[in-house]
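See below for final14.pdb, which holds PDB, C-alpha atoms.
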ATOM      1  CA  MET F   1       5.129   3.078  42.862
ATOM      2  CA  LEU F   2       1.426   3.757  43.192
ATOM      3  CA  VAL F   3       2.057   7.263  44.538
ATOM      4  CA  ASP F   4       3.773   8.119  41.232
ATOM      5  CA  GLU F   5       1.322   6.344  38.923
ATOM      6  CA  ASP F   6      -1.971   7.288  40.612
ATOM      7  CA  PRO F   7      -1.559   9.824  43.484
ATOM      8  CA  GLU F   8      -5.273  10.011  44.262
ATOM      9  CA  LYS F   9      -5.600   6.269  44.622
ATOM     10  CA  ALA F  10      -2.427   6.149  46.736
ATOM     11  CA  TYR F  11      -3.850   8.834  48.990
ATOM     12  CA  ARG F  12      -7.100   6.892  49.515
ATOM     13  CA  HIS F  13      -5.144   3.760  50.434
ATOM     14  CA  ALA F  14      -2.899   5.721  52.827
ATOM     15  CA  ALA F  15      -5.870   7.424  54.460
ATOM     16  CA  TYR F  16      -7.506   4.039  55.051
ATOM     17  CA  ALA F  17      -4.262   2.674  56.568
ATOM     18  CA  ARG F  18      -4.015   5.767  58.787
ATOM     19  CA  ARG F  19      -7.500   5.134  60.177
ATOM     20  CA  LYS F  20      -6.585   1.533  60.956
ATOM     21  CA  ALA F  21      -3.029   1.980  62.271
ATOM     22  CA  SER F  22      -2.381   5.615  63.114
ATOM     23  CA  ARG F  23       0.189   4.746  65.803
ATOM     24  CA  LEU F  24       2.686   3.310  63.315
ATOM     25  CA  SER F  25       5.331   5.802  62.176
ATOM     26  CA  THR F  26       5.628   4.163  58.769
ATOM     27  CA  VAL F  27       1.887   4.523  58.200
ATOM     28  CA  ARG F  28       1.935   8.191  59.237
ATOM     29  CA  GLU F  29       4.923   8.858  56.991
ATOM     30  CA  ALA F  30       3.269   7.141  54.008
ATOM     31  CA  SER F  31       0.042   9.009  54.701
ATOM     32  CA  GLY F  32       1.893  12.318  54.885
ATOM     33  CA  ILE F  33       3.738  11.731  51.602
ATOM     34  CA  ALA F  34       0.528  10.696  49.852
ATOM     35  CA  ALA F  35      -1.263  13.814  51.118
ATOM     36  CA  TYR F  36       1.657  15.949  49.944
ATOM     37  CA  THR F  37       1.482  14.563  46.378
ATOM     38  CA  VAL F  38      -2.180  15.591  46.051
ATOM     39  CA  GLY F  39      -1.626  19.048  47.557
ATOM     40  CA  LYS F  40      -3.182  18.517  50.993
ATOM     41  CA  TRP F  41      -0.484  20.555  52.738
ATOM     42  CA  GLN F  42      -1.910  20.795  56.257
ATOM     43  CA  GLU F  43      -2.765  17.100  56.472
ATOM     44  CA  ALA F  44       0.644  16.140  55.101
ATOM     45  CA  LEU F  45       2.427  18.416  57.574
ATOM     46  CA  ALA F  46       0.538  16.934  60.534
ATOM     47  CA  ASP F  47       1.293  13.346  59.519
ATOM     48  CA  LEU F  48       4.983  14.032  58.860
ATOM     49  CA  ARG F  49       5.425  15.798  62.205
ATOM     50  CA  ALA F  50       3.842  12.801  63.924
ATOM     51  CA  ALA F  51       6.079  10.403  61.988
ATOM     52  CA  ARG F  52       9.141  12.424  63.009
ATOM     53  CA  ARG F  53       8.192  12.258  66.696
ATOM     54  CA  MET F  54       7.514   8.528  66.520
ATOM     55  CA  SER F  55      10.587   7.485  64.510
ATOM     56  CA  GLY F  56      13.109  10.162  65.434
ATOM     57  CA  ARG F  57      14.098  10.426  61.775
ATOM     58  CA  ASP F  58      14.545  13.762  59.976
ATOM     59  CA  ASN F  59      14.736  12.659  56.358
ATOM     60  CA  PHE F  60      11.407  14.336  55.435
ATOM     61  CA  LEU F  61      12.346  17.857  56.589
ATOM     62  CA  ALA F  62      12.376  19.067  52.988
ATOM     63  CA  VAL F  63       8.787  17.876  52.441
ATOM     64  CA  MET F  64       7.664  19.532  55.672
ATOM     65  CA  ALA F  65       9.295  22.812  54.632
ATOM     66  CA  ASP F  66       7.647  22.626  51.216
ATOM     67  CA  CYS F  67       4.273  22.091  52.894
ATOM     68  CA  GLU F  68       4.833  25.366  54.773
ATOM     69  CA  ARG F  69       5.463  27.040  51.431
ATOM     70  CA  GLY F  70       2.272  25.534  50.081
ATOM     71  CA  LEU F  71       0.393  27.016  53.030
ATOM     72  CA  GLY F  72       1.842  30.437  52.202
ATOM     73  CA  ARG F  73       4.289  30.505  55.112
ATOM     74  CA  PRO F  74       7.809  30.807  53.588
ATOM     75  CA  GLU F  75       9.251  32.093  56.893
ATOM     76  CA  ARG F  76       8.364  28.844  58.620
ATOM     77  CA  ALA F  77       9.844  26.932  55.701
ATOM     78  CA  LEU F  78      13.137  28.761  56.324
ATOM     79  CA  GLU F  79      12.923  27.892  60.006
ATOM     80  CA  ILE F  80      12.688  24.198  59.163
ATOM     81  CA  ALA F  81      15.558  24.553  56.676
ATOM     82  CA  SER F  82      17.759  26.030  59.430
ATOM     83  CA  ASP F  83      16.988  23.214  61.868
ATOM     84  CA  PRO F  84      20.241  21.848  63.362
ATOM     85  CA  ALA F  85      19.137  18.337  62.428
ATOM     86  CA  ALA F  86      19.557  19.305  58.751
ATOM     87  CA  ALA F  87      23.337  19.061  59.133
ATOM     88  CA  ASN F  88      23.018  15.291  59.698
ATOM     89  CA  LEU F  89      20.984  14.594  56.577
ATOM     90  CA  ASP F  90      22.451  12.631  53.721
ATOM     91  CA  THR F  91      23.470  14.513  50.596
ATOM     92  CA  ALA F  92      20.272  13.979  48.642
ATOM     93  CA  ASP F  93      17.968  15.113  51.481
ATOM     94  CA  ARG F  94      20.217  18.058  52.286
ATOM     95  CA  ILE F  95      20.175  19.256  48.653
ATOM     96  CA  GLU F  96      16.397  18.935  48.543
ATOM     97  CA  LEU F  97      16.136  21.074  51.683
ATOM     98  CA  ARG F  98      18.374  23.734  50.091
ATOM     99  CA  ILE F  99      16.175  23.780  46.973
ATOM    100  CA  VAL F 100      13.064  24.302  49.132
ATOM    101  CA  ALA F 101      14.808  27.079  51.066
ATOM    102  CA  ALA F 102      15.713  28.793  47.792
ATOM    103  CA  GLY F 103      12.073  28.576  46.737
ATOM    104  CA  ALA F 104      11.019  30.173  50.022
ATOM    105  CA  ARG F 105      13.452  33.030  49.409
ATOM    106  CA  ARG F 106      11.944  33.573  45.984
ATOM    107  CA  ASP F 107       8.458  33.493  47.492
ATOM    108  CA  MET F 108       9.599  36.390  49.670
ATOM    109  CA  GLY F 109      10.976  38.272  46.627
ATOM    110  CA  ASP F 110      14.663  37.835  47.440
ATOM    111  CA  THR F 111      16.078  36.200  44.312
ATOM    112  CA  LYS F 112      19.719  36.896  45.148
ATOM    113  CA  ALA F 113      19.314  35.215  48.530
ATOM    114  CA  ALA F 114      17.730  32.263  46.699
ATOM    115  CA  LEU F 115      20.836  31.992  44.539
ATOM    116  CA  ALA F 116      23.011  32.059  47.645
ATOM    117  CA  GLU F 117      21.007  29.181  49.171
ATOM    118  CA  LEU F 118      21.949  27.019  46.182
ATOM    119  CA  GLN F 119      25.649  27.809  46.103
ATOM    120  CA  VAL F 120      26.818  24.553  47.641
ATOM    121  CA  PRO F 121      29.835  22.362  46.835
ATOM    122  CA  GLU F 122      27.607  19.935  44.896
ATOM    123  CA  LEU F 123      27.393  22.502  42.060
ATOM    124  CA  LYS F 124      30.724  21.061  40.922
ATOM    125  CA  GLU F 125      29.341  17.539  40.857
ATOM    126  CA  ARG F 126      29.579  15.708  37.515
ATOM    127  CA  ARG F 127      28.024  12.364  38.381
ATOM    128  CA  ALA F 128      24.521  11.601  37.142
ATOM    129  CA  ARG F 129      22.331  11.767  40.227
ATOM    130  CA  PRO F 130      18.683  12.857  40.473
ATOM    131  CA  TYR F 131      19.447  15.361  43.227
ATOM    132  CA  VAL F 132      22.343  16.801  41.165
ATOM    133  CA  ALA F 133      20.010  17.314  38.185
ATOM    134  CA  ARG F 134      17.488  19.060  40.421
ATOM    135  CA  LEU F 135      20.194  21.279  41.950
ATOM    136  CA  PHE F 136      21.527  22.339  38.520
ATOM    137  CA  TYR F 137      17.985  22.962  37.306
ATOM    138  CA  ALA F 138      17.022  25.101  40.327
ATOM    139  CA  TYR F 139      20.259  27.068  40.062
ATOM    140  CA  ALA F 140      19.707  27.700  36.332
ATOM    141  CA  ASP F 141      16.120  28.771  36.986
ATOM    142  CA  VAL F 142      17.257  31.412  39.487
ATOM    143  CA  LEU F 143      20.016  32.580  37.139
ATOM    144  CA  GLU F 144      17.488  33.079  34.354
ATOM    145  CA  GLU F 145      15.264  35.099  36.672
ATOM    146  CA  LEU F 146      18.252  37.303  37.493
ATOM    147  CA  GLY F 147      18.850  37.888  33.773
ATOM    148  CA  ARG F 148      22.073  35.873  33.590
ATOM    149  CA  THR F 149      21.034  34.008  30.462
ATOM    150  CA  ASP F 150      24.444  32.616  29.500
ATOM    151  CA  ASP F 151      24.990  31.125  32.958
ATOM    152  CA  ALA F 152      21.436  29.794  32.985
ATOM    153  CA  ARG F 153      22.033  28.115  29.618
ATOM    154  CA  GLU F 154      25.170  26.454  30.986
ATOM    155  CA  TYR F 155      23.437  25.002  34.038
ATOM    156  CA  PHE F 156      20.352  23.907  32.108
ATOM    157  CA  ALA F 157      22.743  22.028  29.819
ATOM    158  CA  ARG F 158      24.446  20.464  32.840
ATOM    159  CA  ALA F 159      21.083  19.446  34.279
ATOM    160  CA  SER F 160      20.121  17.861  30.958
ATOM    161  CA  SER F 161      23.383  15.920  30.772
ATOM    162  CA  VAL F 162      23.008  14.316  34.235
ATOM    163  CA  ASP F 163      19.210  13.905  34.250
ATOM    164  CA  ARG F 164      19.062  10.224  33.339
ATOM    165  CA  GLU F 165      15.702   9.651  35.060
ATOM    166  CA  GLY F 166      13.864  12.638  33.577
ATOM    167  CA  VAL F 167      13.168  14.415  36.873
ATOM    168  CA  THR F 168      13.379  17.845  35.212
ATOM    169  CA  ASP F 169      12.375  19.508  31.951
ATOM    170  CA  ALA F 170      15.871  20.897  31.412
ATOM    171  CA  ASP F 171      15.805  19.929  27.734
ATOM    172  CA  GLU F 172      12.762  22.089  27.034
ATOM    173  CA  ARG F 173      14.102  25.030  29.045
ATOM    174  CA  LEU F 174      17.413  24.856  27.211
ATOM    175  CA  ALA F 175      15.585  24.693  23.883
ATOM    176  CA  VAL F 176      13.774  27.937  24.684
ATOM    177  CA  LEU F 177      17.035  29.706  25.520
ATOM    178  CA  GLU F 178      18.722  28.356  22.389
ATOM    179  CA  GLY F 179      15.828  29.338  20.134
ATOM    180  CA  VAL F 180      15.244  25.817  18.900
ATOM    181  CA  GLU F 181      12.446  23.318  19.177
ATOM    182  CA  LEU F 182      12.884  19.820  20.581
ATOM    183  CA  VAL F 183      11.292  17.512  18.010
ATOM    184  CA  ASP F 184      12.572  14.086  18.972
ATOM    185  CA  ILE F 185      14.264  12.312  21.852
ATOM    186  CA  ASP F 186      16.239   9.116  21.312
ATOM    187  CA  VAL F 187      17.769   7.438  24.337
ATOM    188  CA  GLU F 188      20.554   5.807  22.306
ATOM    189  CA  ASP F 189      21.296   8.441  19.659
ATOM    190  CA  GLY F 190      20.682  11.524  21.783
ATOM    191  CA  ILE F 191      18.530  14.582  21.191
ATOM    192  CA  VAL F 192      17.426  15.863  17.784
ATOM    193  CA  TRP F 193      16.800  19.606  17.487
ATOM    194  CA  THR F 194      15.251  21.757  14.778
ATOM    195  CA  ASP F 195      15.076  25.537  14.433
ATOM    196  CA  VAL F 196      11.816  27.054  15.619
ATOM    197  CA  GLU F 197      11.789  29.456  12.668
ATOM    198  CA  GLU F 198      11.944  26.564  10.204
ATOM    199  CA  ASP F 199       8.781  24.728  11.181
ATOM    200  CA  GLY F 200       8.234  23.273   7.716
ATOM    201  CA  GLY F 201      11.794  22.121   7.260
ATOM    202  CA  SER F 202      11.437  18.858   9.101
ATOM    203  CA  GLU F 203       8.321  17.917   7.131
ATOM    204  CA  GLU F 204      10.093  18.564   3.811
ATOM    205  CA  PHE F 205      13.048  16.539   5.048
ATOM    206  CA  VAL F 206      10.760  13.619   5.799
ATOM    207  CA  GLU F 207       8.692  13.815   2.624
ATOM    208  CA  ALA F 208      11.594  14.138   0.165
ATOM    209  CA  PRO F 209      13.000  10.632   0.661
ATOM    210  CA  ARG F 210       9.519   9.192   0.199
ATOM    211  CA  ASP F 211       9.146  10.968  -3.193
ATOM    212  CA  ARG F 212      12.552   9.810  -4.363
ATOM    213  CA  ARG F 213      11.708   6.281  -3.299
ATOM    214  CA  ASN F 214       8.490   6.335  -5.384
ATOM    215  CA  GLU F 215      10.358   7.638  -8.434
ATOM    216  CA  ALA F 216      12.949   4.890  -8.056
ATOM    217  CA  GLU F 217      10.196   2.269  -7.907
ATOM    218  CA  ASP F 218       8.608   3.662 -11.112
ATOM    219  CA  ARG F 219      11.949   3.578 -12.903
ATOM    220  CA  GLY F 220      12.460   0.015 -11.700
ATOM    221  CA  ASP F 221       9.043  -1.049 -13.087
ATOM    222  CA  GLN F 222       9.814   0.551 -16.472
ATOM    223  CA  ALA F 223      13.214  -1.115 -16.640
ATOM    224  CA  GLU F 224      11.676  -4.479 -15.834
ATOM    225  CA  GLY F 225       9.136  -4.012 -18.651
ATOM    226  CA  ARG F 226      11.919  -3.236 -21.124
ATOM    227  CA  LEU F 227      13.818  -6.340 -20.073
ATOM    228  CA  GLU F 228      10.768  -8.543 -20.635
ATOM    229  CA  SER F 229      10.264  -7.008 -24.093
ATOM    230  CA  ASP F 230      13.908  -7.641 -25.004
ATOM    231  CA  ASP F 231      13.614 -11.251 -23.874
ATOM    232  CA  ARG F 232      10.596 -11.830 -26.126
ATOM    233  CA  ARG F 233      12.426 -10.263 -29.096
ATOM    234  CA  ASP F 234      15.469 -12.482 -28.534
ATOM    235  CA  ASP F 235      13.262 -15.563 -28.470
ATOM    236  CA  ARG F 236      11.748 -14.629 -31.836
ATOM    237  CA  GLU F 237      15.181 -14.096 -33.352
ATOM    238  CA  ASP F 238      16.306 -17.539 -32.154
ATOM    239  CA  ASP F 239      13.282 -19.111 -33.906
ATOM    240  CA  GLY F 240      14.279 -17.597 -37.277
ATOM    241  CA  GLY F 241      12.444 -14.336 -36.958
ATOM    242  CA  ARG F 242       9.006 -15.918 -37.265
ATOM    243  CA  ASP F 243       6.353 -16.547 -34.730
ATOM    244  CA  ASP F 244       4.996 -20.042 -34.363
ATOM    245  CA  SER F 245       1.539 -18.748 -35.204
ATOM    246  CA  GLU F 246       2.687 -17.478 -38.686
ATOM    247  CA  GLU F 247       4.279 -20.765 -39.900
ATOM    248  CA  SER F 248       2.217 -22.672 -42.511
ATOM    249  CA  PRO F 249       1.535 -26.227 -41.519
ATOM    250  CA  GLU F 250       3.336 -28.943 -43.528
ATOM    251  CA  PRO F 251       1.202 -31.661 -45.211
ATOM    252  CA  GLU F 252       0.927 -34.709 -43.183
ATOM    253  CA  LYS F 253       3.009 -37.547 -44.547
ATOM    254  CA  ARG F 254       1.755 -41.091 -44.516
ATOM    255  CA  PRO F 255       4.100 -43.835 -43.410
ATOM    256  CA  ASP F 256       5.933 -45.804 -46.115
ATOM    257  CA  SER F 257       4.359 -48.985 -44.882
ATOM    258  CA  GLU F 258       0.896 -47.696 -45.829
ATOM    259  CA  GLU F 259       2.048 -46.761 -49.377
ATOM    260  CA  ARG F 260       3.638 -50.169 -49.898
ATOM    261  CA  SER F 261       0.474 -51.946 -48.798
ATOM    262  CA  GLU F 262      -1.629 -50.053 -51.370
ATOM    263  CA  ASP F 263       0.792 -50.946 -54.206
ATOM    264  CA  GLU F 264       0.796 -54.587 -53.242
ATOM    265  CA  ALA F 265      -2.984 -54.579 -53.176
ATOM    266  CA  ARG F 266      -3.090 -53.295 -56.761
ATOM    267  CA  ASP F 267      -0.679 -55.987 -57.915
ATOM    268  CA  ASP F 268      -2.666 -58.712 -56.236
ATOM    269  CA  ARG F 269      -5.914 -57.807 -58.019
ATOM    270  CA  PRO F 270      -6.749 -60.606 -60.677
ATOM    271  CA  GLU F 271      -6.784 -59.738 -64.369
ATOM    272  CA  GLU F 272     -10.164 -59.756 -66.167
ATOM    273  CA  VAL F 273     -10.821 -63.106 -68.021
ATOM    274  CA  ARG F 274     -12.363 -62.777 -71.483
ATOM    275  CA  GLU F 275     -14.957 -65.446 -72.366
ATOM    276  CA  ASP F 276     -14.891 -67.252 -75.750
ATOM    277  CA  PRO F 277     -17.464 -65.862 -78.325
ATOM    278  CA  SER F 278     -20.527 -67.918 -78.942
ATOM    279  CA  GLU F 279     -21.480 -69.426 -82.385
ATOM    280  CA  ASP F 280     -24.122 -66.786 -83.007
ATOM    281  CA  GLU F 281     -21.579 -64.063 -82.489
ATOM    282  CA  VAL F 282     -19.191 -65.779 -84.957
ATOM    283  CA  ARG F 283     -21.841 -66.021 -87.669
ATOM    284  CA  GLU F 284     -22.844 -62.451 -87.139
ATOM    285  CA  ASP F 285     -19.250 -61.369 -87.609
ATOM    286  CA  ASP F 286     -18.988 -63.378 -90.872
ATOM    287  CA  ARG F 287     -22.073 -61.750 -92.342
ATOM    288  CA  ASP F 288     -20.716 -58.384 -91.564
ATOM    289  CA  ARG F 289     -17.504 -59.109 -93.423
ATOM    290  CA  ASP F 290     -19.417 -60.456 -96.502
ATOM    291  CA  ARG F 291     -21.413 -57.299 -96.760
ATOM    292  CA  ASP F 292     -18.236 -55.337 -96.752
TER     293      ASP F 292
END
In structure tokens, what does this structure look like?
Amino acid sequence: MLVDEDPEKAYRHAAYARRKASRLSTVREASGIAAYTVGKWQEALADLRAARRMSGRDNFLAVMADCERGLGRPERALEIASDPAAANLDTADRIELRIVAAGARRDMGDTKAALAELQVPELKERRARPYVARLFYAYADVLEELGRTDDAREYFARASSVDREGVTDADERLAVLEGVELVDIDVEDGIVWTDVEEDGGSEEFVEAPRDRRNEAEDRGDQAEGRLESDDRRDDREDDGGRDDSEESPEPEKRPDSEERSEDEARDDRPEEVREDPSEDEVREDDRDRDRD
């Protein structure tokens, strides 16, 4: 709702509607609630009184009484709380009126009377209801003021267990009483607590896994490097212990067909033909023999 998300804007819209249709009870009620959320107590009280006269409904008695408290008039707040019409309210509105009455008693300095205002049968309620959470919370708050810390702790815990909509800060109040710090809230897994005195513990708990993860990654990289080295060594052993780059190249062999062709070519060459000697050469040879 707009009144929960942006109270100021809701108030401006309600004020405009009030100027245009001030005779409608629904408009006066909406205007009064919007004024109440922004702390305009007197304006809210006037609008809610008008809405009550117009509609005949009494379901906003608790808001009217709280406006009286805001104006510094707790006695008038108690007068509204004791109105006979309060007996006809539904359970949620009646509990809200009791909580306001207890606040008025505390405003007047009567804490024990405030505790008595809250001692209603709904204190035994176990169902998760917003008004039950608020009742447990208010009761625990008064108990803590009276110095009954153990009882206050119990009812803050009860308020936390039934507060499904987060209408109170019972978790934080319980953490203070327990001496712990609320560090995380998980809707599914529940609440995670850490000791207040051990502020650095949670950081060490978070950092340690990260360090171990980095060390594991380094070991994994080293192991992978060793595996690659072993693979290369195995490959060299399979090749006879020598690298391909160190092997001397074998002389290139020519095909047998080429060798046979060269031999045949030599056989096919014609023999040299000697010419017969001429007559002059014969006579020259004869003279040489005669001289001998």
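Atom CA of F:Asp141 to atom CA of F:Arg127 spans 20.3 Å [interatomic distance, one decimal].
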Test item: the PyMOL selection byres ((chain F and resi 163-176) around 7) resolved as a ChimeraX atom specification: /F:128,130,133-134,137,153,156-157,159-162,177-182
Write to file, as a compact mmCIF listing (two decimals), in the coordinates of the input, the residues of the selection just made, with C-alpha atoms.
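Contents of out-v7.txt, as written:
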# COMPACT_ATOMS: atom_id res chain seq x y z
CA ALA F 128 24.52 11.60 37.14
CA PRO F 130 18.68 12.86 40.47
CA ALA F 133 20.01 17.31 38.18
CA ARG F 134 17.49 19.06 40.42
CA TYR F 137 17.98 22.96 37.31
CA ARG F 153 22.03 28.12 29.62
CA PHE F 156 20.35 23.91 32.11
CA ALA F 157 22.74 22.03 29.82
CA ALA F 159 21.08 19.45 34.28
CA SER F 160 20.12 17.86 30.96
CA SER F 161 23.38 15.92 30.77
CA VAL F 162 23.01 14.32 34.24
CA LEU F 177 17.04 29.71 25.52
CA GLU F 178 18.72 28.36 22.39
CA GLY F 179 15.83 29.34 20.13
CA VAL F 180 15.24 25.82 18.90
CA GLU F 181 12.45 23.32 19.18
CA LEU F 182 12.88 19.82 20.58
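Proximity to F:Gly109 at 12 Å, evaluated using only C-alpha atoms and with sequence-adjacent residues fewer than 6 positions away removed, yields Pro74, Ala102, Gly103, Leu115, Val142, Glu145 and Leu146 of chain F.
Between atom CA of F:Ala116 and atom CA of F:Tyr139 the separation is 9.5 Å.
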Computed interatomic separation between atom CA of F:Ser22 and atom CA of F:Arg69 (Å): 25.6 Å
